[in-house]
>>> print(open('work18.txt').read())   # compact mmCIF, C-alpha atoms
# COMPACT_ATOMS: atom_id res chain seq x y z
CA MET A 1149 115.89 150.85 96.99
CA THR A 1150 118.37 148.22 98.20
CA MET A 1151 120.41 145.85 96.08
CA LYS A 1152 118.28 142.97 97.39
CA GLU A 1153 115.08 144.66 96.23
CA GLU A 1154 116.57 145.44 92.84
CA ILE A 1155 117.94 142.07 91.81
CA GLY A 1156 115.76 139.58 93.68
CA SER A 1157 118.62 137.07 93.55
CA LYS A 1158 121.62 136.27 95.70
CA ILE A 1159 124.10 139.02 96.42
CA GLN A 1160 127.59 137.75 95.62
CA VAL A 1161 130.21 138.34 98.34
CA CYS A 1162 133.87 137.62 97.60
CA PHE A 1163 136.60 137.30 100.25
CA LEU A 1164 140.14 137.86 98.94
CA MET A 1165 142.16 135.41 101.05
CA PHE A 1166 145.93 135.07 101.47
CA HIS A 1167 148.41 133.28 103.70
CA GLY A 1168 148.92 135.04 107.02
CA HIS A 1169 145.48 136.66 107.28
CA ASP A 1170 143.93 137.37 110.68
CA VAL A 1171 141.05 134.96 111.26
CA LEU A 1172 138.45 137.31 112.74
CA ASP A 1173 139.05 139.80 109.92
CA TYR A 1174 137.21 137.44 107.58
CA ALA A 1175 135.33 135.20 110.03
CA GLY A 1176 133.42 138.11 111.59
CA PRO A 1177 132.14 139.49 108.26
CA TYR A 1178 131.57 135.92 107.04
CA GLU A 1179 129.17 135.26 109.92
CA VAL A 1180 127.34 138.52 109.27
CA PHE A 1181 126.55 137.57 105.67
CA ALA A 1182 126.25 133.79 106.04
CA ASN A 1183 123.09 133.41 108.11
CA ILE A 1184 120.59 135.78 106.51
CA LEU A 1185 117.67 134.07 104.79
CA ARG A 1186 115.26 135.55 102.26
CA ASN A 1187 112.28 133.56 103.52
CA PRO A 1188 113.16 132.17 106.98
CA ASP A 1189 109.66 130.82 107.66
CA SER A 1190 109.55 128.80 104.45
CA PRO A 1191 110.17 125.02 104.45
CA ASN A 1192 112.95 125.72 101.94
CA PRO A 1193 114.53 129.04 102.92
CA SER A 1194 117.18 130.56 100.63
CA HIS A 1195 120.21 132.62 101.52
CA ILE A 1196 120.37 136.26 100.45
CA PHE A 1197 124.16 136.25 100.21
CA ASP A 1198 126.35 133.78 98.35
CA ILE A 1199 129.90 133.76 99.78
CA THR A 1200 133.04 132.80 97.86
CA LEU A 1201 136.54 132.55 99.33
CA ILE A 1202 139.15 133.09 96.63
CA ALA A 1203 142.90 132.56 96.93
CA VAL A 1204 146.00 131.62 94.99
CA ASP A 1205 146.42 128.32 96.85
CA PRO A 1206 143.75 125.68 97.61
CA VAL A 1207 144.42 125.83 101.37
CA ILE A 1208 145.18 129.14 103.10
CA SER A 1209 146.77 129.36 106.54
CA SER A 1210 146.10 132.22 108.93
CA SER A 1211 148.68 134.20 110.88
CA ARG A 1212 148.31 131.58 113.63
CA ASN A 1213 148.20 128.57 111.29
CA LEU A 1214 144.44 127.99 111.21
CA CYS A 1215 143.72 126.66 107.72
CA VAL A 1216 140.72 127.29 105.47
CA ASN A 1217 139.89 125.91 102.03
CA ARG A 1218 139.27 128.31 99.17
CA ASN A 1219 136.10 128.01 97.09
CA MET A 1220 137.67 129.33 93.91
CA SER A 1221 141.10 130.19 92.55
CA ILE A 1222 141.93 133.85 91.98
CA LEU A 1223 142.50 133.00 88.32
CA GLU A 1224 138.96 131.67 87.91
CA ALA A 1225 137.51 134.45 90.04
CA HIS A 1226 139.24 137.04 87.86
CA ALA A 1227 137.62 135.52 84.79
CA ARG A 1228 134.23 135.75 86.54
CA ILE A 1229 134.89 139.01 88.40
CA GLU A 1230 131.83 140.83 87.09
CA GLU A 1231 129.63 138.34 88.97
CA PHE A 1232 130.68 139.70 92.37
CA ASP A 1233 128.88 142.53 94.18
CA ILE A 1234 130.95 142.89 97.37
CA LEU A 1235 134.69 142.38 97.81
CA ILE A 1236 136.06 141.96 101.34
CA LEU A 1237 139.76 142.39 102.14
CA PRO A 1238 140.90 140.93 105.47
CA GLY A 1239 144.11 142.12 107.07
CA GLY A 1240 147.10 140.50 108.66
CA PRO A 1241 150.50 141.35 110.13
CA LEU A 1242 152.27 144.16 108.29
CA ARG A 1243 155.09 141.84 107.21
CA VAL A 1244 152.48 139.72 105.42
CA LEU A 1245 150.81 142.68 103.73
CA ARG A 1246 154.14 143.93 102.36
CA ASP A 1247 154.41 140.78 100.25
CA LEU A 1248 151.11 141.67 98.57
CA TYR A 1249 151.93 145.30 97.78
CA ASP A 1250 153.33 144.48 94.34
CA ARG A 1251 150.81 145.67 91.77
CA LYS A 1252 151.60 142.55 89.74
CA SER A 1253 150.58 140.16 92.54
CA PRO A 1254 147.40 138.17 91.79
CA GLU A 1255 145.70 139.74 94.82
CA MET A 1256 146.45 143.32 93.77
CA LYS A 1257 145.47 142.61 90.17
CA PHE A 1258 142.11 141.28 91.32
CA LEU A 1259 141.53 144.26 93.62
CA SER A 1260 142.49 146.80 90.97
CA THR A 1261 140.26 145.16 88.36
CA PHE A 1262 137.27 144.95 90.71
CA ALA A 1263 137.64 148.63 91.56
CA THR A 1264 137.23 149.57 87.88
CA LEU A 1265 134.08 147.53 87.22
CA PRO A 1266 130.90 149.38 86.28
CA THR A 1267 127.81 149.20 88.43
CA ARG A 1268 125.71 146.11 87.98
CA ARG A 1269 122.87 146.14 85.44
CA TYR A 1270 120.39 147.07 88.18
CA GLY A 1271 122.40 150.25 88.88
CA CYS A 1272 123.46 149.44 92.44
CA SER A 1273 126.99 150.19 93.63
CA ARG A 1274 129.53 147.47 94.10
CA ILE A 1275 131.29 147.67 97.47
CA ILE A 1276 134.87 147.09 98.62
CA LEU A 1277 135.21 146.56 102.38
CA SER A 1278 138.64 146.37 103.99
CA VAL A 1279 139.06 145.08 107.53
CA CYS A 1280 141.98 146.03 109.77
CA THR A 1281 145.25 146.26 107.80
CA GLY A 1282 143.45 145.22 104.61
CA ALA A 1283 143.13 148.97 104.09
CA LEU A 1284 146.82 149.07 103.19
CA LEU A 1285 146.00 147.15 100.01
CA LEU A 1286 143.49 149.86 99.10
CA GLY A 1287 146.16 152.46 99.76
CA CYS A 1288 148.69 150.68 97.57
CA ALA A 1289 146.09 150.44 94.81
CA ARG A 1290 145.68 154.26 95.04
CA LEU A 1291 141.99 153.89 95.88
CA LEU A 1292 142.09 156.07 99.00
CA CYS A 1293 143.48 159.24 97.44
CA GLY A 1294 141.47 162.25 98.56
CA ARG A 1295 139.39 160.11 100.91
CA ARG A 1296 139.05 159.39 104.60
CA ALA A 1297 140.05 155.91 105.79
CA THR A 1298 140.88 153.86 108.85
CA THR A 1299 142.67 150.67 109.84
CA HIS A 1300 143.93 148.95 113.02
CA HIS A 1301 144.99 151.63 115.50
CA LYS A 1302 148.57 150.29 115.50
CA ALA A 1303 148.77 150.52 111.70
CA LEU A 1304 147.54 154.10 111.21
CA ASP A 1305 151.06 155.35 110.51
CA ALA A 1306 151.63 152.52 108.02
CA LEU A 1307 148.41 153.44 106.20
CA GLU A 1308 149.46 157.08 106.05
CA PHE A 1309 152.81 155.99 104.59
CA VAL A 1310 151.39 153.84 101.78
CA CYS A 1311 148.81 156.53 100.97
CA GLN A 1312 151.36 159.31 100.53
CA PRO A 1313 150.84 161.05 97.17
CA VAL A 1314 153.20 159.71 94.52
CA GLN A 1315 155.61 162.34 93.29
CA GLY A 1316 154.67 163.59 89.85
CA ARG A 1317 151.05 162.49 90.14
CA ASP A 1318 148.13 164.78 90.76
CA GLU A 1319 146.90 162.92 93.86
CA LEU A 1320 145.03 164.29 96.85
CA PRO A 1321 146.18 163.20 100.33
CA THR A 1322 144.32 160.57 102.34
CA GLU A 1323 142.88 161.55 105.72
CA VAL A 1324 143.68 158.64 108.04
CA VAL A 1325 141.48 158.57 111.16
CA MET A 1326 140.85 156.30 114.12
CA ALA A 1327 137.35 154.88 113.80
CA ARG A 1328 135.29 151.71 114.01
CA PHE A 1329 134.67 152.09 110.28
CA VAL A 1330 134.60 154.78 107.62
CA ASP A 1331 132.42 155.03 104.54
CA ALA A 1332 134.71 156.82 102.07
CA GLY A 1333 131.99 157.27 99.47
CA LEU A 1334 131.94 156.34 95.80
CA LEU A 1335 134.71 156.05 93.26
CA ASP A 1336 134.14 157.68 89.88
CA ASN A 1337 132.67 154.42 88.54
CA GLY A 1338 130.21 154.13 91.42
CA THR A 1339 132.08 151.56 93.56
CA ARG A 1340 131.76 152.31 97.27
CA ILE A 1341 134.79 152.07 99.56
CA VAL A 1342 134.38 151.19 103.26
CA THR A 1343 137.33 150.70 105.61
CA ALA A 1344 137.08 149.13 109.07
CA GLY A 1345 139.33 149.45 112.07
CA GLY A 1346 140.99 146.51 113.76
CA ILE A 1347 139.60 143.00 113.79
CA SER A 1348 136.18 143.17 115.55
CA CYS A 1349 135.42 146.45 113.76
CA GLY A 1350 134.88 144.34 110.65
CA ILE A 1351 131.63 143.09 112.18
CA ASP A 1352 130.36 146.65 112.64
CA ALA A 1353 131.34 147.58 109.09
CA SER A 1354 129.75 144.42 107.65
CA LEU A 1355 126.47 145.16 109.40
CA TYR A 1356 126.64 148.65 107.91
CA VAL A 1357 127.28 147.23 104.44
CA MET A 1358 124.40 144.81 104.92
CA GLU A 1359 122.15 147.75 105.79
CA LEU A 1360 123.22 149.44 102.55
CA VAL A 1361 122.53 146.46 100.30
CA ALA A 1362 119.71 144.60 102.08
CA GLY A 1363 118.10 147.15 104.38
CA LYS A 1364 118.22 147.99 108.09
CA GLU A 1365 115.79 145.24 109.03
CA MET A 1366 118.10 142.58 107.64
CA ALA A 1367 121.12 144.16 109.36
CA ASP A 1368 119.24 144.13 112.66
CA VAL A 1369 118.36 140.47 112.15
CA ALA A 1370 122.02 139.63 111.47
CA GLY A 1371 123.11 141.39 114.67
CA GLU A 1372 120.40 139.57 116.63
CA ILE A 1373 121.42 136.18 115.25
CA MET A 1374 125.03 136.84 116.25
CA GLU A 1375 123.92 138.27 119.63
CA TYR A 1376 126.16 141.19 118.77
CA ASN A 1377 125.85 144.42 120.72
CA GLN A 1378 126.14 147.26 118.23
CA ALA A 1379 126.10 149.97 120.91
CA VAL A 1380 129.89 150.14 120.61
CA MET A 1381 129.39 151.57 117.11
CA GLU A 1382 127.94 154.76 118.57
CA LEU A 1383 130.44 155.32 121.37
CA ASN A 1384 133.99 156.56 121.66
CA LEU A 1385 135.63 153.63 123.45
CA SER A 1386 139.31 153.16 124.27
CA GLY A 1387 140.27 156.08 122.04
CA PHE A 1388 138.15 155.06 119.06
CA PHE A 1389 136.01 157.63 117.31
CA PRO A 1390 132.44 156.74 116.33
CA SER A 1391 131.78 155.21 112.94
CA ILE A 1392 131.88 157.66 110.03
CA ARG A 1393 129.16 157.34 107.42
CA VAL A 1394 128.31 159.31 104.34
CA GLY A 1395 124.97 160.98 103.80
>>> encode(input="work18.txt", output="structure tokens")
Amino acid sequence: MTMKEEIGSKIQVCFLMFHGHDVLDYAGPYEVFANILRNPDSPNPSHIFDITLIAVDPVISSSRNLCVNRNMSILEAHARIEEFDILILPGGPLRVLRDLYDRKSPEMKFLSTFATLPTRRYGCSRIILSVCTGALLLGCARLLCGRRATTHHKALDALEFVCQPVQGRDELPTEVVMARFVDAGLLDNGTRIVTAGGISCGIDASLYVMELVAGKEMADVAGEIMEYNQAVMELNLSGFFPSIRVG
């Protein structure tokens, strides 16, 4: 049974935004979730997903100075964090991500808190999806220990570095692979971790997440609306391995 079937209400998707993000890292997943309707033939159709952009500042600029307005401050979102079902972490240049590594940063605090939340009352897993170098935030939060993960192909070494076991801690190593996306499975509290490769891979991963929470039919509809060819997900192109899912 999917999350949509369980709750019968909107699925809450949260994008953790920051200055210097890469636009397609969030815009691709945003389009996947934004256009799916519960009753498309009705005179008053309703959206299945409710999307919230959260950030420290009211206006967030991308790595190439395209600006977007937040919907909610991180402070308010943190107070309402249990309302969210899916958290999406876009990436950006490595120099930008380094500024967010501090565990005391608002972004890392939000991520760490979300990762510890229990499943929703209907028993469905919450999901954290990183796109591109957003996976480095998961690594810094120690959420990839003992798991398989991916990121942009030029940041694989950086992900391996931030995921190195901390001396004195009983941590398992992270297996960093080149892939369109990787489903790393469930944390102990039931939260699912999915990491996507670079930029456009976030669309593939978002369609996969949609299939998990709303069913394959809805994911197929989303791909059709976007006129997106998902064949690339099944092929090894330009050195990329196929997507890696869990059973």
>>> atom_distance(input="work18.txt", atom1="CA of Asp1233 in chain A", atom2="CA of Arg1393 in chain A")
19.9 Å
>>> atom_distance(input="work18.txt", atom1="CA of Gly1345 in chain A", atom2="CA of Ala1297 in chain A")
9.0 Å
>>> atom_distance(input="work18.txt", atom1="CA of Glu1308 in chain A", atom2="CA of Leu1285 in chain A")
12.1 Å
>>> residues_around(input="work18.txt", residues="Asp1170 in chain A", least_positions_apart="3", cutoff="12 Å", atoms="all atoms listed in the file", output="VMD selection string")
chain A and resid 1165 to 1167 1173 to 1176 1208 to 1216 1237 to 1242 1244 to 1245 1279 to 1282 1300 1346 to 1348 1350
>>> closest_residue(input="work18.txt", among="A:Gly1333, A:Gly1371, A:Leu1291, A:Lys1257", to="Glu1359 in chain A", atoms="only C-alpha atoms")
A:Gly1371
>>> residues_around(input="work18.txt", residues="range 1318-1327 of chain A", least_positions_apart="2", cutoff="8 Å", atoms="only C-alpha atoms", output="PyMOL selection string")
chain A and resi 1292-1299+1301+1304+1307-1308+1311-1314+1316+1329-1330+1344-1345+1387-1392
